[in-house]
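Working notes, beginning with the structure itself.
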Amino acid sequence: MSAQENRVMALSEWEERWQTGRTGFHRPIVHKFLEKYLDKIVHGQKSIRFFFPLCGKAVEMKWLADMGHTVVGVEISEKGIKQFFEDQSLRYNEEPVPEIPGAKVFKSADGKISIYQCDLYKFSSSAIAGKFGGIWDRGAMVAINPCDRQKYAALLTSLMESDCRYLLDTVEYNPEQHKGPPFLVTEDVLKQLFEGACDIELLQSADGFEERHRAWGIDYLTEKVYLLTPKKQ
Ligand code: SAH
């Protein structure tokens, strides 16, 4: 029984964070783990289709598109999505998504980056006609409500090509000291969630404690990055 099991954050609370500028989760530079392990995802292919669940305004989307990859993100906050295109000086178009009622898709003018504005759980491979060769999950698995983890893992699994490489960044700290998000996600939890579907390899574990974490009341934070690959059928 985890201290964080029953914590639920409503979509309106995320929107509220964007509206009031409480987006301390955003990082202005490319994440060191994505940079370091990118080759493991790309494994020699020229162009990969990347998925960014709960993308916020992650700068890595532009970084990958500049390398020739295509990126699909999902984010509930329109404000966050517009900030992404503005921060990156990218022109974009906005279209409705007939397959997902109420959703919109924001596409860069060159078509390389598409961000769906909708609840992640309304998203599916049929809506976006296809699956992904790569996934970058930072601030996503750890941001969703703990009660939604099974649903989240099933969705992500359904979006993976048979040779997909899913890079997953997690945090570990004392959950009695901070209610989250981000929530603590351990390797045991991942094993339960992806059992039967994916092989899980811990690539690296590093001290991720930053000054801003002091205000959360925690005294250590370990960042771990895993590589998930679909099990051979
Ligand atoms: N991955 C990004 C953002 C992390 S914060 C980064 O690393 O910077 C989590 C983001 O998910 C927030 O921007 C929030 O608005 C969005 N979000 C939370 N729940 C969501 C849901 N169910 N569907 C879509 N977006 C969601």
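Ordering of the structure tokens sets the chain letters (A, B, ...); residue numbers start at 1 within each chain; ligands are numbered from 1 in the order shown.
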So which residues touch Gly56 of chain A within 10 Å, counting only C-alpha atoms, skipping near sequence neighbours fewer than 2 positions away, as an mmCIF file with C-alpha atoms, in the first residue's frame?
data_model
loop_
_atom_site.group_PDB
_atom_site.id
_atom_site.type_symbol
_atom_site.label_atom_id
_atom_site.label_comp_id
_atom_site.auth_asym_id
_atom_site.auth_seq_id
_atom_site.Cartn_x
_atom_site.Cartn_y
_atom_site.Cartn_z
ATOM 1 C CA TRP A 18 -0.320 26.398 -16.829
ATOM 2 C CA THR A 23 5.335 24.794 -14.534
ATOM 3 C CA PHE A 25 8.582 20.626 -14.247
ATOM 4 C CA HIS A 26 9.614 22.202 -17.556
ATOM 5 C CA PHE A 52 5.598 12.080 -26.239
ATOM 6 C CA PRO A 53 2.783 11.307 -23.768
ATOM 7 C CA LEU A 54 1.865 14.332 -21.582
ATOM 8 C CA ALA A 58 9.180 19.661 -23.945
ATOM 9 C CA VAL A 59 12.080 21.101 -25.944
ATOM 10 C CA GLY A 73 2.616 14.639 -28.445
ATOM 11 C CA VAL A 74 -0.496 14.655 -26.291
ATOM 12 C CA GLU A 75 -1.157 17.471 -23.853
ATOM 13 C CA ILE A 76 -4.351 18.699 -22.223
ATOM 14 C CA SER A 77 -3.362 22.357 -21.924
ATOM 15 C CA GLU A 78 -3.829 24.492 -25.010
ATOM 16 C CA LYS A 79 -1.804 27.190 -23.309
ATOM 17 C CA GLY A 80 1.118 24.774 -22.884
ATOM 18 C CA ILE A 81 0.922 23.700 -26.526
ATOM 19 C CA LYS A 82 0.845 27.263 -27.819
ATOM 20 C CA GLN A 83 3.781 28.151 -25.589
ATOM 21 C CA PHE A 84 5.739 25.292 -27.137
ATOM 22 C CA ILE A 115 0.467 17.875 -30.633
ATOM 23 C CA GLY A 139 7.092 13.609 -16.458
ATOM 24 C CA ALA A 140 4.341 11.356 -17.826
#
Polymer residues at most 7 Å from Glu201 of chain A, only C-alpha atoms, same-chain spacing of 3 or more positions, as a PyMOL selection string: chain A and resi 226-228
Written selection (all heavy atoms) as an mmCIF file, in the first residue's frame:
data_model
loop_
_atom_site.group_PDB
_atom_site.id
_atom_site.type_symbol
_atom_site.label_atom_id
_atom_site.label_comp_id
_atom_site.auth_asym_id
_atom_site.auth_seq_id
_atom_site.Cartn_x
_atom_site.Cartn_y
_atom_site.Cartn_z
ATOM 1 N N TYR A 226 14.751 3.792 -17.780
ATOM 2 C CA TYR A 226 14.573 2.403 -18.213
ATOM 3 C C TYR A 226 14.346 2.354 -19.717
ATOM 4 O O TYR A 226 13.787 3.292 -20.304
ATOM 5 C CB TYR A 226 13.336 1.786 -17.559
ATOM 6 C CG TYR A 226 13.383 1.729 -16.059
ATOM 7 C CD1 TYR A 226 12.935 2.805 -15.287
ATOM 8 C CD2 TYR A 226 13.862 0.597 -15.400
ATOM 9 C CE1 TYR A 226 12.967 2.760 -13.897
ATOM 10 C CE2 TYR A 226 13.891 0.545 -14.009
ATOM 11 C CZ TYR A 226 13.445 1.621 -13.264
ATOM 12 O OH TYR A 226 13.481 1.574 -11.884
ATOM 13 N N LEU A 227 14.726 1.219 -20.298
ATOM 14 C CA LEU A 227 14.388 0.971 -21.700
ATOM 15 C C LEU A 227 13.382 -0.181 -21.737
ATOM 16 O O LEU A 227 13.652 -1.269 -21.233
ATOM 17 C CB LEU A 227 15.646 0.593 -22.489
ATOM 18 C CG LEU A 227 15.414 0.340 -23.972
ATOM 19 C CD1 LEU A 227 15.025 1.625 -24.700
ATOM 20 C CD2 LEU A 227 16.658 -0.262 -24.628
ATOM 21 N N LEU A 228 12.230 0.092 -22.313
ATOM 22 C CA LEU A 228 11.197 -0.935 -22.445
ATOM 23 C C LEU A 228 11.090 -1.348 -23.906
ATOM 24 O O LEU A 228 11.023 -0.480 -24.790
ATOM 25 C CB LEU A 228 9.833 -0.396 -21.985
ATOM 26 C CG LEU A 228 9.548 -0.425 -20.477
ATOM 27 C CD1 LEU A 228 10.462 0.513 -19.717
ATOM 28 C CD2 LEU A 228 8.097 -0.065 -20.205
#
Can you list, as a PyMOL selection string, every residue of segment 50-209 of chain A that DSSP puts in strand (DSSP E)? chain A and resi 50-52+70-75+92-96+104-108+113-117+132-137+160-172+198-207
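Nearest to ligand 1 of all the residues A:Met141, A:Leu203, A:Leu90, A:Val171 is A:Met141, based on only C-alpha atoms and all ligand atoms.
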Long-range neighbours of Gly196 of chain A as a PyMOL selection string, 9 Å cut-off, only C-alpha atoms, 4 positions minimum in chain: chain A and resi 191-192+230-231
Create the file for the chosen residues now, containing C-alpha atoms and written as a PDB file, in the first residue's frame.
ATOM      1  CA  LYS A 191       7.320  -4.931 -13.819  1.00  0.00           C
ATOM      2  CA  GLN A 192       3.744  -5.393 -12.653  1.00  0.00           C
ATOM      3  CA  PRO A 230       7.984  -5.272 -26.570  1.00  0.00           C
ATOM      4  CA  LYS A 231       8.483  -8.950 -25.791  1.00  0.00           C
TER       5      LYS A 231
END
Quick one: pick out all helix (DSSP H, G or I) residues within segment 170-209 of chain A from a backbone DSSP run and write them as a ChimeraX atom specification. /A:187-194
Nearest residue to ligand 1 out of A:His31, A:Lys112, A:Lys46, A:Lys40, using only C-alpha atoms and all ligand atoms? A:His31
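Between atom CA of Tyr152 of chain A and atom 24 (C, counted along the ligand's line) of ligand 1 the interatomic distance comes to 11.2 Å.
Non-sequential neighbours of segment 172-180 of chain A (distance at most 6 Å, separation of 5 or more positions within a chain, only C-alpha atoms) are Trp216, Gly217, Ile218, Tyr220, Leu221 and Thr222 of chain A.
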Enumerate, in order of chain and increasing residue number, the residues of segment 169-190 of chain A with an atom no farther than 7 Å from segment 143-148 of chain A, each with its shortest atom pair and distance in Å to one decimal, counting only C-alpha atoms, as CSV.
residue,atom,partner,partner_atom,distance
A:Pro181,CA,A:Ala143,CA,5.4
A:Pro182,CA,A:Ala143,CA,5.0
A:Phe183,CA,A:Ala143,CA,6.3
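When only C-alpha atoms are used to measure the gap to Glu210 of chain A, the shortest distance among A:Gly24, A:Cys198, A:Leu155, A:Arg138 belongs to A:Gly24.
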So, with only C-alpha atoms and all ligand atoms as the atoms that count, which of A:Leu120, A:Ala109, A:Val42, A:Leu193 lies closest to ligand 1? A:Leu120
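From atom CA of Val142 of chain A back to atom CA of Gln204 of chain A, the distance works out to 16.8 Å.
Among A:Gly133, A:Pro28, A:Gly111, A:Gly68, the residue with the shortest atom-to-atom distance to ligand 1, counting only C-alpha atoms and all ligand atoms, is A:Pro28.
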Contacts of Phe106 of chain A within 6 Å, only C-alpha atoms, excl. fewer than 6 positions in-chain, as a PDB file with N, CA, C and O atoms, in the first residue's frame:
ATOM      1  N   ASN A  93      -0.456  25.114 -37.413  1.00  0.00           N
ATOM      2  CA  ASN A  93      -1.869  25.129 -37.787  1.00  0.00           C
ATOM      3  C   ASN A  93      -2.649  24.377 -36.718  1.00  0.00           C
ATOM      4  O   ASN A  93      -2.098  23.509 -36.051  1.00  0.00           O
ATOM      5  N   GLU A  94      -3.930  24.689 -36.662  1.00  0.00           N
ATOM      6  CA  GLU A  94      -4.789  24.087 -35.648  1.00  0.00           C
ATOM      7  C   GLU A  94      -5.966  23.431 -36.374  1.00  0.00           C
ATOM      8  O   GLU A  94      -6.587  24.086 -37.204  1.00  0.00           O
ATOM      9  N   SER A 114       3.254  17.121 -34.293  1.00  0.00           N
ATOM     10  CA  SER A 114       1.802  17.227 -34.092  1.00  0.00           C
ATOM     11  C   SER A 114       1.525  17.063 -32.611  1.00  0.00           C
ATOM     12  O   SER A 114       1.964  16.073 -32.010  1.00  0.00           O
ATOM     13  N   ILE A 115       0.834  18.008 -32.044  1.00  0.00           N
ATOM     14  CA  ILE A 115       0.467  17.875 -30.633  1.00  0.00           C
ATOM     15  C   ILE A 115      -1.055  17.844 -30.517  1.00  0.00           C
ATOM     16  O   ILE A 115      -1.740  18.775 -30.955  1.00  0.00           O
TER      17      ILE A 115
END
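Shell of Gly102 of chain A at 12 Å, with only C-alpha atoms counted and residues fewer than 2 places along the chain excluded, is Ile76, Glu95, Pro96, Val97, Pro98, Glu99, Ile100, Lys104, Val105, Tyr116, Gln117, Cys118, Asp119, Lys122 and Phe123 of chain A.
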Write the residues you've just listed into a file as a PDB file, in the first residue's frame, and include N, CA, C and O atoms for each of them.
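Done, and the output landed in result.pdb:
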ATOM      1  N   ILE A  76      -3.004  18.170 -22.456  1.00  0.00           N
ATOM      2  CA  ILE A  76      -4.351  18.699 -22.223  1.00  0.00           C
ATOM      3  C   ILE A  76      -4.405  20.230 -22.327  1.00  0.00           C
ATOM      4  O   ILE A  76      -5.418  20.801 -22.699  1.00  0.00           O
ATOM      5  N   GLU A  95      -6.236  22.172 -36.084  1.00  0.00           N
ATOM      6  CA  GLU A  95      -7.350  21.479 -36.767  1.00  0.00           C
ATOM      7  C   GLU A  95      -8.148  20.659 -35.763  1.00  0.00           C
ATOM      8  O   GLU A  95      -7.575  20.153 -34.800  1.00  0.00           O
ATOM      9  N   PRO A  96      -9.433  20.446 -36.028  1.00  0.00           N
ATOM     10  CA  PRO A  96     -10.185  19.520 -35.165  1.00  0.00           C
ATOM     11  C   PRO A  96      -9.773  18.085 -35.467  1.00  0.00           C
ATOM     12  O   PRO A  96      -9.174  17.814 -36.513  1.00  0.00           O
ATOM     13  N   VAL A  97     -10.061  17.179 -34.558  1.00  0.00           N
ATOM     14  CA  VAL A  97      -9.749  15.759 -34.767  1.00  0.00           C
ATOM     15  C   VAL A  97     -11.081  15.012 -34.752  1.00  0.00           C
ATOM     16  O   VAL A  97     -11.608  14.735 -33.669  1.00  0.00           O
ATOM     17  N   PRO A  98     -11.634  14.701 -35.912  1.00  0.00           N
ATOM     18  CA  PRO A  98     -12.969  14.106 -35.943  1.00  0.00           C
ATOM     19  C   PRO A  98     -13.081  12.820 -35.120  1.00  0.00           C
ATOM     20  O   PRO A  98     -14.110  12.553 -34.510  1.00  0.00           O
ATOM     21  N   GLU A  99     -11.979  12.045 -35.058  1.00  0.00           N
ATOM     22  CA  GLU A  99     -12.017  10.759 -34.340  1.00  0.00           C
ATOM     23  C   GLU A  99     -12.086  10.928 -32.817  1.00  0.00           C
ATOM     24  O   GLU A  99     -12.442   9.987 -32.108  1.00  0.00           O
ATOM     25  N   ILE A 100     -11.674  12.108 -32.326  1.00  0.00           N
ATOM     26  CA  ILE A 100     -11.692  12.317 -30.863  1.00  0.00           C
ATOM     27  C   ILE A 100     -12.535  13.560 -30.575  1.00  0.00           C
ATOM     28  O   ILE A 100     -12.050  14.686 -30.736  1.00  0.00           O
ATOM     29  N   LYS A 104      -8.260  18.776 -30.472  1.00  0.00           N
ATOM     30  CA  LYS A 104      -7.671  19.541 -31.581  1.00  0.00           C
ATOM     31  C   LYS A 104      -6.258  19.027 -31.778  1.00  0.00           C
ATOM     32  O   LYS A 104      -5.637  18.510 -30.841  1.00  0.00           O
ATOM     33  N   VAL A 105      -5.756  19.215 -33.000  1.00  0.00           N
ATOM     34  CA  VAL A 105      -4.347  18.886 -33.197  1.00  0.00           C
ATOM     35  C   VAL A 105      -3.640  20.138 -33.697  1.00  0.00           C
ATOM     36  O   VAL A 105      -4.144  20.855 -34.567  1.00  0.00           O
ATOM     37  N   TYR A 116      -1.543  16.732 -29.960  1.00  0.00           N
ATOM     38  CA  TYR A 116      -2.986  16.577 -29.771  1.00  0.00           C
ATOM     39  C   TYR A 116      -3.376  17.192 -28.443  1.00  0.00           C
ATOM     40  O   TYR A 116      -2.782  16.863 -27.406  1.00  0.00           O
ATOM     41  N   GLN A 117      -4.358  18.063 -28.498  1.00  0.00           N
ATOM     42  CA  GLN A 117      -4.847  18.646 -27.258  1.00  0.00           C
ATOM     43  C   GLN A 117      -6.076  17.848 -26.843  1.00  0.00           C
ATOM     44  O   GLN A 117      -7.177  18.010 -27.376  1.00  0.00           O
ATOM     45  N   CYS A 118      -5.875  16.922 -25.927  1.00  0.00           N
ATOM     46  CA  CYS A 118      -6.984  16.113 -25.406  1.00  0.00           C
ATOM     47  C   CYS A 118      -6.498  15.337 -24.188  1.00  0.00           C
ATOM     48  O   CYS A 118      -5.306  15.319 -23.885  1.00  0.00           O
ATOM     49  N   ASP A 119      -7.438  14.707 -23.522  1.00  0.00           N
ATOM     50  CA  ASP A 119      -7.112  13.822 -22.419  1.00  0.00           C
ATOM     51  C   ASP A 119      -6.395  12.607 -23.018  1.00  0.00           C
ATOM     52  O   ASP A 119      -6.881  12.012 -23.986  1.00  0.00           O
ATOM     53  N   LYS A 122      -8.170   9.477 -24.164  1.00  0.00           N
ATOM     54  CA  LYS A 122      -9.055   9.493 -25.331  1.00  0.00           C
ATOM     55  C   LYS A 122      -8.263   9.246 -26.610  1.00  0.00           C
ATOM     56  O   LYS A 122      -8.826   9.151 -27.693  1.00  0.00           O
ATOM     57  N   PHE A 123      -6.965   9.180 -26.450  1.00  0.00           N
ATOM     58  CA  PHE A 123      -6.078   9.026 -27.590  1.00  0.00           C
ATOM     59  C   PHE A 123      -5.920   7.525 -27.886  1.00  0.00           C
ATOM     60  O   PHE A 123      -5.964   6.699 -26.987  1.00  0.00           O
TER      61      PHE A 123
END
